[in-house]
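Encoded as structure tokens, the structure appears first; notes follow it.
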Protein chains: 2
Amino acid sequence: MNKVKVKFLPFNKTVEINKGTTILESARLADIHIQSICGGDGVCGKCRVILKQGKVSSLTTSLLTPEEIDDGVILACESKVFEEVQIEIPPESRADEGEILLSARAQKYLDIYSAVEELEPDIIHEAKILFSSPLATKLFLNLAPPSLEDTVSDLERIYRELRKIGISAIQTGLFNLRTLSKFLRQNNYQITATLGKRNGTTELVFLEAKDTSKTNYGLALDIGTTTVVAHLIDMVSKETLCAIGSFNKQITYGDDIISRIIFASERKGLEKLHLAVIDNINNLIQDSCSKKGNIKPDDISAVVCAGNPTMLHLLLNIDPTYLRKEPYVAVTNEMPVIRAAEVGIRINHRGLLACAPGVSSYIGGDITAGLLVSDLAEKQDVSMYIDMGTNGEIVLGNKDWLVSCACSIGPAFEGSGISSGTRAIKGAIQKVKIISPNATPSLETIGSTKPSGICGSGLIEIISEMLKAGIINRAGKIQPLKSQIPNPKSEIIRPGDEGLEYLIVPKERSATGRDIVLTQADIDHLIRSKAAVYAGISTLLKKMNYQIKDVQRFYIAGGFGSHLDITKSIEIGLLPAVPIENFQYIGNGSVEGARMILLSYIAMAKAKKIADKMTYIELSTDNIFTEEFVSAMFLPHTDLSLFPTPIY
Amino acid sequence: MNKVKVKFLPFNKTVEINKGTTILESARLADIHIQSICGGDGVCGKCRVILKQGKVSSLTTSLLTPEEIDDGVILACESKVFEEVQIEIPPESRADEGEILLSARAQKYLDIYSAVEELEPDIIHEAKILFSSPLATKLFLNLAPPSLEDTVSDLERIYRELRKIGISAIQTGLFNLRTLSKFLRQNNYQITATLGKRNGTTELVFLEAKDTSKTNYGLALDIGTTTVVAHLIDMVSKETLCAIGSFNKQITYGDDIISRIIFASERKGLEKLHLAVIDNINNLIQDSCSKKGNIKPDDISAVVCAGNPTMLHLLLNIDPTYLRKEPYVAVTNEMPVIRAAEVGIRINHRGLLACAPGVSSYIGGDITAGLLVSDLAEKQDVSMYIDMGTNGEIVLGNKDWLVSCACSIGPAFEGSGISSGTRAIKGAIQKVKIISPNATPSLETIGSTKPSGICGSGLIEIISEMLKAGIINRAGKIQPLKSQIPNPKSEIIRPGDEGLEYLIVPKERSATGRDIVLTQADIDHLIRSKAAVYAGISTLLKKMNYQIKDVQRFYIAGGFGSHLDITKSIEIGLLPAVPIENFQYIGNGSVEGARMILLSYIAMAKAKKIADKMTYIELSTDNIFTEEFVSAMFLPHTDLSLFPTPIY
């Protein structure tokens, strides 16, 4: 008897596992996803769970306090199960709770025909006759039956009809041919053909009986490192029927891109990561079809995915190893159009899957898609696109040129790697006001519940408020409070394990029963993150001989971006000091761009033009970037002339 | 115990079968192929076998003489096995014995660049840079490794190198991408890329380590209704390394195209026919690789097939039903280029398979391929191409126009449907001389052994000789011999079941122990066959307002064609009366054309041009054809002015 049961609370989900399995893995088998930044190495401490019944075999760890150990807290990755146990997973350890940015906040991009003059005439021609999806345009064909005077083949009969409306050079595979003759005759030559652009030619993807051209659905996907968002699109009305998201199931194997790439190199690691995201996608397909009761997965004819290069490599089960090894090379930046079924995505078994084209190993289809939404690449004015996540991607340019870079921001703004950091989940501190250095700060949390930690936007507010209140100096160093009564228990600024720390919420008032603090190490970490973004911005400008004032508009994208307080971001020197009206939130530009590509030949052609036109500058080995990074390590910056008060 | 054993002699092959299985099917399971013209319906009598031991359950049949029944002769299709038996299969009942025309007899077609002016410039451009196979051109690439200054993706690195030599618009699938990064690095970026043209784009078919560009093999196939012929080609030296053939295993399911199409509509019929020919091909691949010990099937990168439309439909498992139903429509005349593995052909698992393009439901890739060999379509002079098998295909034209028709000749010239007919196997009568109507004719047989029957070319000789000797009149009717002694036992011309018959070999001297005769029905049958060919020829000419003398050259193709005595064929009115030097044997033009397509972009483009240019005239509903057919029902013809003596 090598199997034992693990029950997970509060879900009341029980799973039978092999003895010796970790709780982290057991939870994954129960389809419950526990946070694990380090990928199960026992170093991040994010996978805290509570042992409610039974015993486990745990390694000792310095990450847990004696109080936590008394309360039954254990690390899921370091605890193996050998007997029946019950485990409670507290909300802050769950990977699948939190707010997911489902849609774009940019103005709806209506005029797809703008700025088409630089596209090839045949693309515009095809777009105009097909006027619909480049992957799944449905056309009803009422064919003339063959006669002794007209004996062209069954397939040629279809092609001939398509040529009449201007579509030539079509191809198809064996599947459609094998049953074509009976199919045509049984349906009196009245059929609907679904056409898709596939790697340079037009493919007859599948055929349906009678006129089904009014029933055509597609899926736009944003595959993020943290979240996967799906839009179910009616390709006839072009409306989004349903927008849903879930946390990327790959999180169990590592929180960020680098840990995923490393995991992919382990035995079966790549396959596990691949299957995890495919499972995400299939669940989203099931869920969105269930929400719209009359749509079946089989009715979905096409999928367009946008995502960063690592996510797209993993989606297609392509080895991502060299994305993270100098000189940082992708296997391909333009994934081939394939049948979705080839990677196990359950839509129509003939349906196609395309990915938004990328530029380099760090500038992927998510950025190309976002630029499509922003229309930065169609204006004469020079603008900048900033996507902030664990990685920051920055694009500068206009309709004539585009230059991009990527910088490692680290997970601080996503609430990871910070002692009291959390994702933007219920209870996360997102607004902070510090009235006096001596007083407890006033807070607002998501959902107005007891505070459980600090999310990215909250951290920016706290740093800004601490700077204004004089709690930290311009170097980010916490200043001891001279006037305070020297009682460590009640101190707001107090000595911690690594220098001074700032107490935001004492454990008596926190949801976790632990103090919510900001340590000197946390602040240093945050300053490095904001310095990376600002240095990226200024390096790109210097390379192109531009100044901040030359940039007409700053587009802010990414899940983080939408919660951001622009004023406070400028105050800490994360964003440049320009009038607030020059900033525009894009929101989830990735999924919105994927939707545009799904619906329009022209958007697909434009995305390729954007990718082709964009130059990538590698910052990790760039001297200018190093200098800019050092200069940006102050609050807001070494050079205060860049941050005049109050330009913003 | 529902299994019993059947032993086949003289092969000493034993097979275990389910009780109740017919001997025909049991033989098939033992990979022994018995002739079966009717497809197992018990009407053709070609599947005679001898029961040597044990008992079978046979239906009574009028096809066997009392002597045969005494000797243990049974029909394989009408006899079911319920106990252990031994069965002898006489040579004349074997489908896999006989001479197969392995190669072309035309002068070797050397100048592939002739008459290219009408091809698109990009085809000529591609052909000139790739100068090799359109399906599997191997190119050694010595790529520059990536650096921080050169970070294009792994795939783009290959594409960029290919663009340098003028090859653009390349595509590839997931398979190559999944392992590309490690593959390139393990091989120091020195790799060989195999490129193939696939439905309009250039595909990166597969990649190999180091320089393998000097090791590249292909297979040219002629898939005939009766025989399958394979040429193993060294695609570097362009030499044929091995030419072998086998009888089409589909013969077990029916001798001619019509019976195969009917069989295909039965349950699992299509699949059985498909698997039979795939089995043929895989055996030929194995055998040709074995003959050349150092070549493995995996070394074969590409296959080109030529065949009639039915054969190509069955090859790709495509429903052929409507090829034989008015208005006679193919599913497609241009089969898509697929991966050979998709239909189970065992070469390199990524290798491509292409079919020569056809024109209509009766003019297939075998004719297009043959025309390529003949260069009829490149000359200013008007010529005619005649392919005679069970079906006859005739093409008239020159470099500006091509018109074709097909006529049903029937299996007489292949030795079927004639009481003493046989294929061109050992013992078949192929030369005949009749000195006097009273005397036994003098004969030559293939292999100079005891006569077993009359093959196609022998039949033409006999008809010609009988006409000259006055045994038949111009209507083909056998004339009673007045001078003969009226003893039925020794009569050379004697009454049979259906009128008079001509005794060629008495049973005492035949290999089968049966009289070899030509009945009035046989002669009528042969006259219908030859009339169909001649009527096809004259109808095409009339439609185009041409006369026989306007045709500069007659190309004769097909397995039958090569054994044909042209003079005697003219004497009976099968071929038109023109000087013998105006005829040219092509031999197996189908396999030779397939070889040309396998080796050259230009040949592939030319084959498509030929197919596109060719008009097809349906004769089955044509009044001119009907008139011409009736006129040709005399020997040599109603209109003797067409056959002046001795123009030939």
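Residue numbering restarts at 1 for every chain of the structure tokens, chains are lettered A, B, ... in their displayed order, and ligands are numbered from 1 as they appear.
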
Would you mind listing, for every residue of chain A within 6 Å of chain B, the two atoms forming the shortest contact and the distance between them in Å to one decimal, using only C-alpha atoms, sorted by chain and ascending residue number, as JSON lines?
{"residue": "A:Ser147", "atom": "CA", "partner": "B:Pro327", "partner_atom": "CA", "distance": 5.4}
{"residue": "A:Leu148", "atom": "CA", "partner": "B:Pro327", "partner_atom": "CA", "distance": 4.9}
{"residue": "A:Thr151", "atom": "CA", "partner": "B:Val329", "partner_atom": "CA", "distance": 5.6}
{"residue": "A:Ser153", "atom": "CA", "partner": "B:Ala330", "partner_atom": "CA", "distance": 4.7}
{"residue": "A:Asp154", "atom": "CA", "partner": "B:Val331", "partner_atom": "CA", "distance": 4.7}
{"residue": "A:Leu155", "atom": "CA", "partner": "B:Thr332", "partner_atom": "CA", "distance": 5.4}
{"residue": "A:Arg178", "atom": "CA", "partner": "B:Ile318", "partner_atom": "CA", "distance": 4.2}
{"residue": "A:Ser181", "atom": "CA", "partner": "B:Val331", "partner_atom": "CA", "distance": 6.0}
{"residue": "A:Ile318", "atom": "CA", "partner": "B:Arg178", "partner_atom": "CA", "distance": 4.2}
{"residue": "A:Asp319", "atom": "CA", "partner": "B:Arg178", "partner_atom": "CA", "distance": 5.9}
{"residue": "A:Pro327", "atom": "CA", "partner": "B:Leu148", "partner_atom": "CA", "distance": 4.9}
{"residue": "A:Val329", "atom": "CA", "partner": "B:Ser153", "partner_atom": "CA", "distance": 5.3}
{"residue": "A:Ala330", "atom": "CA", "partner": "B:Ser153", "partner_atom": "CA", "distance": 4.7}
{"residue": "A:Val331", "atom": "CA", "partner": "B:Asp154", "partner_atom": "CA", "distance": 4.7}
{"residue": "A:Thr332", "atom": "CA", "partner": "B:Ser153", "partner_atom": "CA", "distance": 5.0}

Keeping all heavy atoms, export the residues of the selection given above as an mmCIF file, in the first residue's frame.
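Contents of part-v3.cif, freshly written:
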data_model
loop_
_atom_site.group_PDB
_atom_site.id
_atom_site.type_symbol
_atom_site.label_atom_id
_atom_site.label_comp_id
_atom_site.auth_asym_id
_atom_site.auth_seq_id
_atom_site.Cartn_x
_atom_site.Cartn_y
_atom_site.Cartn_z
ATOM 1 N N SER A 147 -21.095 18.261 -64.677
ATOM 2 C CA SER A 147 -21.867 17.693 -65.786
ATOM 3 C C SER A 147 -20.855 17.230 -66.822
ATOM 4 O O SER A 147 -19.650 17.465 -66.668
ATOM 5 C CB SER A 147 -22.761 18.770 -66.386
ATOM 6 O OG SER A 147 -21.952 19.748 -67.008
ATOM 7 N N LEU A 148 -21.324 16.593 -67.883
ATOM 8 C CA LEU A 148 -20.386 16.127 -68.910
ATOM 9 C C LEU A 148 -19.683 17.299 -69.578
ATOM 10 O O LEU A 148 -18.595 17.153 -70.121
ATOM 11 C CB LEU A 148 -21.113 15.273 -69.947
ATOM 12 C CG LEU A 148 -21.383 13.825 -69.513
ATOM 13 C CD1 LEU A 148 -22.291 13.131 -70.507
ATOM 14 C CD2 LEU A 148 -20.074 13.045 -69.341
ATOM 15 N N THR A 151 -16.408 18.932 -66.165
ATOM 16 C CA THR A 151 -15.945 17.784 -65.382
ATOM 17 C C THR A 151 -14.715 18.108 -64.540
ATOM 18 O O THR A 151 -13.928 17.224 -64.241
ATOM 19 C CB THR A 151 -15.605 16.601 -66.311
ATOM 20 O OG1 THR A 151 -14.589 17.056 -67.223
ATOM 21 C CG2 THR A 151 -16.804 16.120 -67.082
ATOM 22 N N SER A 153 -12.405 18.616 -61.370
ATOM 23 C CA SER A 153 -12.401 17.775 -60.165
ATOM 24 C C SER A 153 -13.155 18.458 -59.032
ATOM 25 O O SER A 153 -13.411 19.665 -59.069
ATOM 26 C CB SER A 153 -10.967 17.484 -59.740
ATOM 27 O OG SER A 153 -10.368 18.643 -59.205
ATOM 28 N N ASP A 154 -13.496 17.656 -58.033
ATOM 29 C CA ASP A 154 -14.233 18.187 -56.885
ATOM 30 C C ASP A 154 -13.473 19.337 -56.222
ATOM 31 O O ASP A 154 -14.045 20.365 -55.878
ATOM 32 C CB ASP A 154 -14.462 17.071 -55.859
ATOM 33 C CG ASP A 154 -15.407 16.002 -56.381
ATOM 34 O OD1 ASP A 154 -16.221 16.316 -57.274
ATOM 35 O OD2 ASP A 154 -15.337 14.862 -55.891
ATOM 36 N N LEU A 155 -12.169 19.137 -56.036
ATOM 37 C CA LEU A 155 -11.380 20.164 -55.352
ATOM 38 C C LEU A 155 -11.255 21.414 -56.211
ATOM 39 O O LEU A 155 -11.437 22.540 -55.732
ATOM 40 C CB LEU A 155 -9.990 19.607 -55.019
ATOM 41 C CG LEU A 155 -9.085 20.520 -54.204
ATOM 42 C CD1 LEU A 155 -9.669 20.780 -52.819
ATOM 43 C CD2 LEU A 155 -7.686 19.921 -54.067
ATOM 44 N N ARG A 178 -10.068 13.147 -48.564
ATOM 45 C CA ARG A 178 -10.459 11.738 -48.438
ATOM 46 C C ARG A 178 -11.960 11.530 -48.522
ATOM 47 O O ARG A 178 -12.413 10.489 -48.995
ATOM 48 C CB ARG A 178 -9.880 11.149 -47.150
ATOM 49 C CG ARG A 178 -8.396 10.885 -47.348
ATOM 50 C CD ARG A 178 -7.769 10.079 -46.262
ATOM 51 N NE ARG A 178 -6.441 9.683 -46.711
ATOM 52 C CZ ARG A 178 -5.402 9.489 -45.921
ATOM 53 N NH1 ARG A 178 -5.518 9.655 -44.621
ATOM 54 N NH2 ARG A 178 -4.240 9.128 -46.425
ATOM 55 N N SER A 181 -15.598 13.800 -52.069
ATOM 56 C CA SER A 181 -16.561 13.496 -53.133
ATOM 57 C C SER A 181 -17.954 13.228 -52.557
ATOM 58 O O SER A 181 -18.939 13.811 -53.008
ATOM 59 C CB SER A 181 -16.063 12.325 -53.980
ATOM 60 O OG SER A 181 -15.826 11.192 -53.173
ATOM 61 N N ILE A 318 8.766 23.973 -27.385
ATOM 62 C CA ILE A 318 10.067 24.226 -28.018
ATOM 63 C C ILE A 318 11.079 24.557 -26.920
ATOM 64 O O ILE A 318 10.811 25.387 -26.051
ATOM 65 C CB ILE A 318 9.960 25.411 -29.018
ATOM 66 C CG1 ILE A 318 9.008 25.057 -30.167
ATOM 67 C CG2 ILE A 318 11.332 25.807 -29.552
ATOM 68 C CD1 ILE A 318 8.719 26.216 -31.098
ATOM 69 N N ASP A 319 12.221 23.927 -26.990
ATOM 70 C CA ASP A 319 13.273 24.100 -25.981
ATOM 71 C C ASP A 319 13.663 25.587 -25.821
ATOM 72 O O ASP A 319 14.181 26.195 -26.754
ATOM 73 C CB ASP A 319 14.494 23.271 -26.427
ATOM 74 C CG ASP A 319 15.644 23.348 -25.440
ATOM 75 O OD1 ASP A 319 15.466 23.956 -24.370
ATOM 76 O OD2 ASP A 319 16.712 22.789 -25.748
ATOM 77 N N PRO A 327 24.512 34.443 -26.110
ATOM 78 C CA PRO A 327 24.004 35.789 -26.416
ATOM 79 C C PRO A 327 22.477 35.892 -26.530
ATOM 80 O O PRO A 327 22.026 36.790 -27.238
ATOM 81 C CB PRO A 327 24.686 36.099 -27.735
ATOM 82 C CG PRO A 327 24.783 34.773 -28.411
ATOM 83 C CD PRO A 327 24.939 33.749 -27.331
ATOM 84 N N VAL A 329 19.415 33.903 -27.531
ATOM 85 C CA VAL A 329 18.883 33.666 -28.870
ATOM 86 C C VAL A 329 17.612 32.812 -28.781
ATOM 87 O O VAL A 329 17.592 31.789 -28.088
ATOM 88 C CB VAL A 329 19.955 32.976 -29.750
ATOM 89 C CG1 VAL A 329 19.371 32.489 -31.058
ATOM 90 C CG2 VAL A 329 21.104 33.939 -30.014
ATOM 91 N N ALA A 330 16.570 33.254 -29.452
ATOM 92 C CA ALA A 330 15.325 32.482 -29.533
ATOM 93 C C ALA A 330 15.481 31.386 -30.583
ATOM 94 O O ALA A 330 16.318 31.499 -31.491
ATOM 95 C CB ALA A 330 14.169 33.400 -29.923
ATOM 96 N N VAL A 331 14.698 30.324 -30.474
ATOM 97 C CA VAL A 331 14.676 29.329 -31.546
ATOM 98 C C VAL A 331 14.048 29.971 -32.784
ATOM 99 O O VAL A 331 14.546 29.855 -33.889
ATOM 100 C CB VAL A 331 13.913 28.055 -31.118
ATOM 101 C CG1 VAL A 331 13.734 27.110 -32.297
ATOM 102 C CG2 VAL A 331 14.670 27.362 -29.997
ATOM 103 N N THR A 332 12.953 30.686 -32.585
ATOM 104 C CA THR A 332 12.388 31.503 -33.653
ATOM 105 C C THR A 332 11.558 32.593 -33.013
ATOM 106 O O THR A 332 10.981 32.389 -31.943
ATOM 107 C CB THR A 332 11.545 30.680 -34.653
ATOM 108 O OG1 THR A 332 10.979 31.581 -35.614
ATOM 109 C CG2 THR A 332 10.401 29.939 -33.965
#

Please return as a count of residues only: the residues of range 85-310 of chain B that backbone DSSP assigns to alpha helix (DSSP H). 66

Can you check which residues of range 458-637 of chain A DSSP gives as strand (DSSP E) on the backbone and send them as a list of chain:residue names?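 Assigned to strand (DSSP E), within range 458-637 of chain A: A:Ile493, A:Arg494, A:Pro495, A:Gly496, A:Gly499, A:Leu500, A:Glu501, A:Tyr502, A:Leu503, A:Ile504, A:Val505, A:Ile516, A:Val517, A:Leu518, A:Thr519, A:Arg553, A:Phe554, A:Tyr555, A:Ile556, A:Ala557, A:Phe583, A:Gln584, A:Tyr585, A:Ile586, A:Gly587, A:Met614, A:Thr615, A:Tyr616, A:Ile617.
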
Residue nearest Gln584 in chain A among A:Tyr555, A:Ile566, A:Gly351, A:Gly245 (counting only C-alpha atoms): A:Tyr555

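Between CA of Ser569 in chain B and CA of Pro91 in chain B lies a distance of 28.3 Å.
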
Determine the nearest neighbour of Asp522 in chain B from the options B:Ala412, B:Cys44, B:Ile87, B:Ile471, counting only C-alpha atoms.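 Once distances to Asp522 in chain B are computed over only C-alpha atoms, the minimum belongs to B:Ala412.
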
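Residues in contact with range 214-226 of chain B at 6 Å, where only C-alpha atoms are counted and same-chain residues fewer than 2 positions away are skipped, are listed as Thr212, Val228, Val229, Ala230, His231, Leu232, Ile233, Asp234, Met235, Phe247, Asn248, Ile300, Ser301, Ala302, Val303, Val304, Cys305, Ala306, Gly307, Ser590, Val591, Ala594 and Arg595 of chain B.
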
Would you write out those residues with C-alpha atoms, as a short mmCIF file (atom, residue, chain, number, x, y, z; two decimals), in the first residue's frame?
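Printed below is out.cif as written:
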data_model
loop_
_atom_site.label_atom_id
_atom_site.label_comp_id
_atom_site.auth_asym_id
_atom_site.auth_seq_id
_atom_site.Cartn_x
_atom_site.Cartn_y
_atom_site.Cartn_z
CA THR B 212 25.36 14.99 -45.74
CA VAL B 228 4.18 -1.28 -59.48
CA VAL B 229 7.67 -0.28 -60.57
CA ALA B 230 10.25 1.49 -58.41
CA HIS B 231 13.51 3.18 -59.34
CA LEU B 232 15.92 3.95 -56.54
CA ILE B 233 17.73 7.12 -57.59
CA ASP B 234 20.98 8.63 -56.38
CA MET B 235 19.91 12.26 -56.38
CA PHE B 247 2.57 -7.04 -59.42
CA ASN B 248 0.09 -4.70 -57.81
CA ILE B 300 15.46 8.11 -48.98
CA SER B 301 14.29 11.71 -48.76
CA ALA B 302 11.52 11.85 -51.32
CA VAL B 303 9.14 9.86 -53.51
CA VAL B 304 7.48 10.84 -56.78
CA CYS B 305 4.57 8.69 -57.97
CA ALA B 306 3.03 8.55 -61.39
CA GLY B 307 -0.09 6.54 -62.02
CA SER B 590 5.39 6.78 -66.30
CA VAL B 591 8.33 5.77 -64.10
CA ALA B 594 8.44 10.35 -62.26
CA ARG B 595 12.25 10.14 -62.15
#

Env of range 76-78 of chain A: 7 Å cut, atoms = only C-alpha atoms, seq-sep filter 4 positions within chain, self excluded. Answer as a ChimeraX atom specification. /A:22-24,40,42,47-49,58-59

With N, CA, C and O atoms retained, write the just-selected residues as a JSON list (two decimals), in the first residue's frame.
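Produced file part-v4.json, reproduced below:
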[["chain", "number", "residue", "atom", "x", "y", "z"],
["A", 22, "THR", "N", 5.81, 15.46, -2.16],
["A", 22, "THR", "CA", 5.74, 16.71, -1.39],
["A", 22, "THR", "C", 4.31, 17.24, -1.41],
["A", 22, "THR", "O", 3.51, 16.89, -2.30],
["A", 23, "ILE", "N", 4.02, 18.13, -0.47],
["A", 23, "ILE", "CA", 2.69, 18.75, -0.44],
["A", 23, "ILE", "C", 2.51, 19.65, -1.66],
["A", 23, "ILE", "O", 1.44, 19.74, -2.24],
["A", 24, "LEU", "N", 3.60, 20.29, -2.09],
["A", 24, "LEU", "CA", 3.53, 21.16, -3.28],
["A", 24, "LEU", "C", 3.05, 20.37, -4.49],
["A", 24, "LEU", "O", 2.14, 20.79, -5.21],
["A", 40, "GLY", "N", 10.27, 25.37, -5.77],
["A", 40, "GLY", "CA", 10.32, 24.20, -4.89],
["A", 40, "GLY", "C", 11.68, 23.94, -4.29],
["A", 40, "GLY", "O", 11.97, 22.83, -3.84],
["A", 42, "GLY", "N", 12.86, 25.46, -1.61],
["A", 42, "GLY", "CA", 12.86, 25.72, -0.17],
["A", 42, "GLY", "C", 13.54, 27.02, 0.23],
["A", 42, "GLY", "O", 13.98, 27.17, 1.36],
["A", 47, "CYS", "N", 5.46, 29.19, -0.03],
["A", 47, "CYS", "CA", 4.51, 28.07, -0.07],
["A", 47, "CYS", "C", 4.10, 27.61, 1.33],
["A", 47, "CYS", "O", 3.89, 26.43, 1.56],
["A", 48, "ARG", "N", 3.99, 28.57, 2.23],
["A", 48, "ARG", "CA", 3.55, 28.25, 3.60],
["A", 48, "ARG", "C", 2.15, 27.65, 3.59],
["A", 48, "ARG", "O", 1.22, 28.24, 3.03],
["A", 49, "VAL", "N", 2.00, 26.50, 4.23],
["A", 49, "VAL", "CA", 0.68, 25.89, 4.41],
["A", 49, "VAL", "C", 0.58, 25.44, 5.87],
["A", 49, "VAL", "O", 1.59, 25.43, 6.60],
["A", 58, "SER", "N", 9.23, 16.97, 7.39],
["A", 58, "SER", "CA", 9.69, 18.26, 6.86],
["A", 58, "SER", "C", 11.17, 18.47, 7.13],
["A", 58, "SER", "O", 11.69, 18.05, 8.17],
["A", 59, "LEU", "N", 11.83, 19.13, 6.20],
["A", 59, "LEU", "CA", 13.20, 19.58, 6.45],
["A", 59, "LEU", "C", 13.13, 20.79, 7.37],
["A", 59, "LEU", "O", 12.17, 21.55, 7.32]]

Residue contacts of Ile17 in chain B (10 Å, only C-alpha atoms) excluding same-chain residues fewer than 3 positions away, as an NGL selection string: :B and (2-6 or 14 or 20-23 or 25-27 or 29-30 or 81-82 or 84)

Could you write those residues out with C-alpha atoms, as a compact mmCIF listing (two decimals), in the first residue's frame?
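The resulting file, result36.txt, is shown below:
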# COMPACT_ATOMS: atom_id res chain seq x y z
CA ASN B 2 -11.35 -21.82 -34.98
CA LYS B 3 -8.00 -21.75 -36.73
CA VAL B 4 -6.71 -24.13 -39.40
CA LYS B 5 -3.56 -24.27 -41.46
CA VAL B 6 -3.29 -23.92 -45.23
CA THR B 14 1.89 -22.19 -44.44
CA GLY B 20 -14.42 -20.52 -43.42
CA THR B 21 -11.83 -18.28 -45.10
CA THR B 22 -11.60 -18.68 -48.89
CA ILE B 23 -8.41 -19.96 -50.45
CA GLU B 25 -8.07 -14.70 -49.09
CA SER B 26 -5.83 -17.28 -47.36
CA ALA B 27 -3.27 -16.90 -50.14
CA LEU B 29 -2.68 -13.57 -46.02
CA ALA B 30 0.32 -15.71 -46.97
CA VAL B 81 -11.28 -24.00 -45.80
CA PHE B 82 -12.49 -25.81 -42.68
CA GLU B 84 -5.94 -28.47 -42.82

For Asp71 in chain A: contacts at 9 Å, only C-alpha atoms, fewer than 4 positions along chain excluded, given as a list of chain:residue names: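 The filter keeps A:Ile50, A:Leu51, A:Pro66, A:Glu67.
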
For N, CA and C atoms, I'd like the residues from the last selection saved as a short mmCIF file (atom, residue, chain, number, x, y, z; two decimals), in the first residue's frame.
data_model
loop_
_atom_site.label_atom_id
_atom_site.label_comp_id
_atom_site.auth_asym_id
_atom_site.auth_seq_id
_atom_site.Cartn_x
_atom_site.Cartn_y
_atom_site.Cartn_z
N ILE A 50 -0.62 25.10 6.32
CA ILE A 50 -0.80 24.74 7.73
C ILE A 50 -1.23 23.27 7.82
N LEU A 51 -0.49 22.52 8.62
CA LEU A 51 -0.80 21.11 8.83
C LEU A 51 -1.92 21.02 9.87
N PRO A 66 9.43 30.58 15.21
CA PRO A 66 9.00 29.58 16.19
C PRO A 66 7.48 29.61 16.38
N GLU A 67 6.88 30.82 16.30
CA GLU A 67 5.42 30.93 16.46
C GLU A 67 4.73 30.19 15.31
#

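Ranking B:Thr422, B:Ser93, B:Ser436, B:Thr626 by their shortest atom-to-atom distance to Ser457 in chain B, with only C-alpha atoms included, puts B:Thr422 first.
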
Give me, as a list in words, all polymer residues having an atom no more than 10 Å from Ser510 in chain B, counting only C-alpha atoms and skipping those fewer than 6 positions away in the same chain.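 Using only C-alpha atoms, the neighbours found are Gly427, Thr449, Lys450, Pro451, Ser452, Gly453, Ile504 and Ile516 of chain B.
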
Those residues with N, CA and C atoms, as a short mmCIF file (atom, residue, chain, number, x, y, z; two decimals), in the first residue's frame please?
data_model
loop_
_atom_site.label_atom_id
_atom_site.label_comp_id
_atom_site.auth_asym_id
_atom_site.auth_seq_id
_atom_site.Cartn_x
_atom_site.Cartn_y
_atom_site.Cartn_z
N GLY B 427 6.22 -18.95 -70.92
CA GLY B 427 5.29 -19.87 -71.58
C GLY B 427 4.23 -19.17 -72.40
N THR B 449 9.51 -22.13 -73.44
CA THR B 449 9.01 -23.32 -72.73
C THR B 449 7.68 -23.74 -73.35
N LYS B 450 7.10 -24.80 -72.81
CA LYS B 450 5.80 -25.28 -73.28
C LYS B 450 4.78 -24.14 -73.23
N PRO B 451 3.93 -23.98 -74.24
CA PRO B 451 2.99 -22.85 -74.24
C PRO B 451 1.92 -23.01 -73.15
N SER B 452 1.64 -21.88 -72.46
CA SER B 452 0.63 -21.90 -71.41
C SER B 452 -0.57 -21.03 -71.76
N GLY B 453 -0.42 -20.16 -72.76
CA GLY B 453 -1.52 -19.28 -73.13
C GLY B 453 -0.99 -18.25 -74.12
N ILE B 504 -4.95 -23.65 -81.40
CA ILE B 504 -3.56 -23.23 -81.59
C ILE B 504 -2.61 -24.29 -81.04
N ILE B 516 -5.18 -24.82 -76.12
CA ILE B 516 -5.07 -23.36 -76.26
C ILE B 516 -5.78 -23.01 -77.55
#

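In terms of minimum interatomic distance to Phe413 in chain B, B:Met388 ranks closest within B:Met388, B:Leu162, B:Ile257, B:Ala356, counting only C-alpha atoms.
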
Nearest to Leu503 in chain B, chosen from B:Ala340, B:Leu204, B:Ala439, B:Ile261, with only C-alpha atoms counted in the distances: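 Selected residue with least distance to Leu503 in chain B: B:Ala439.
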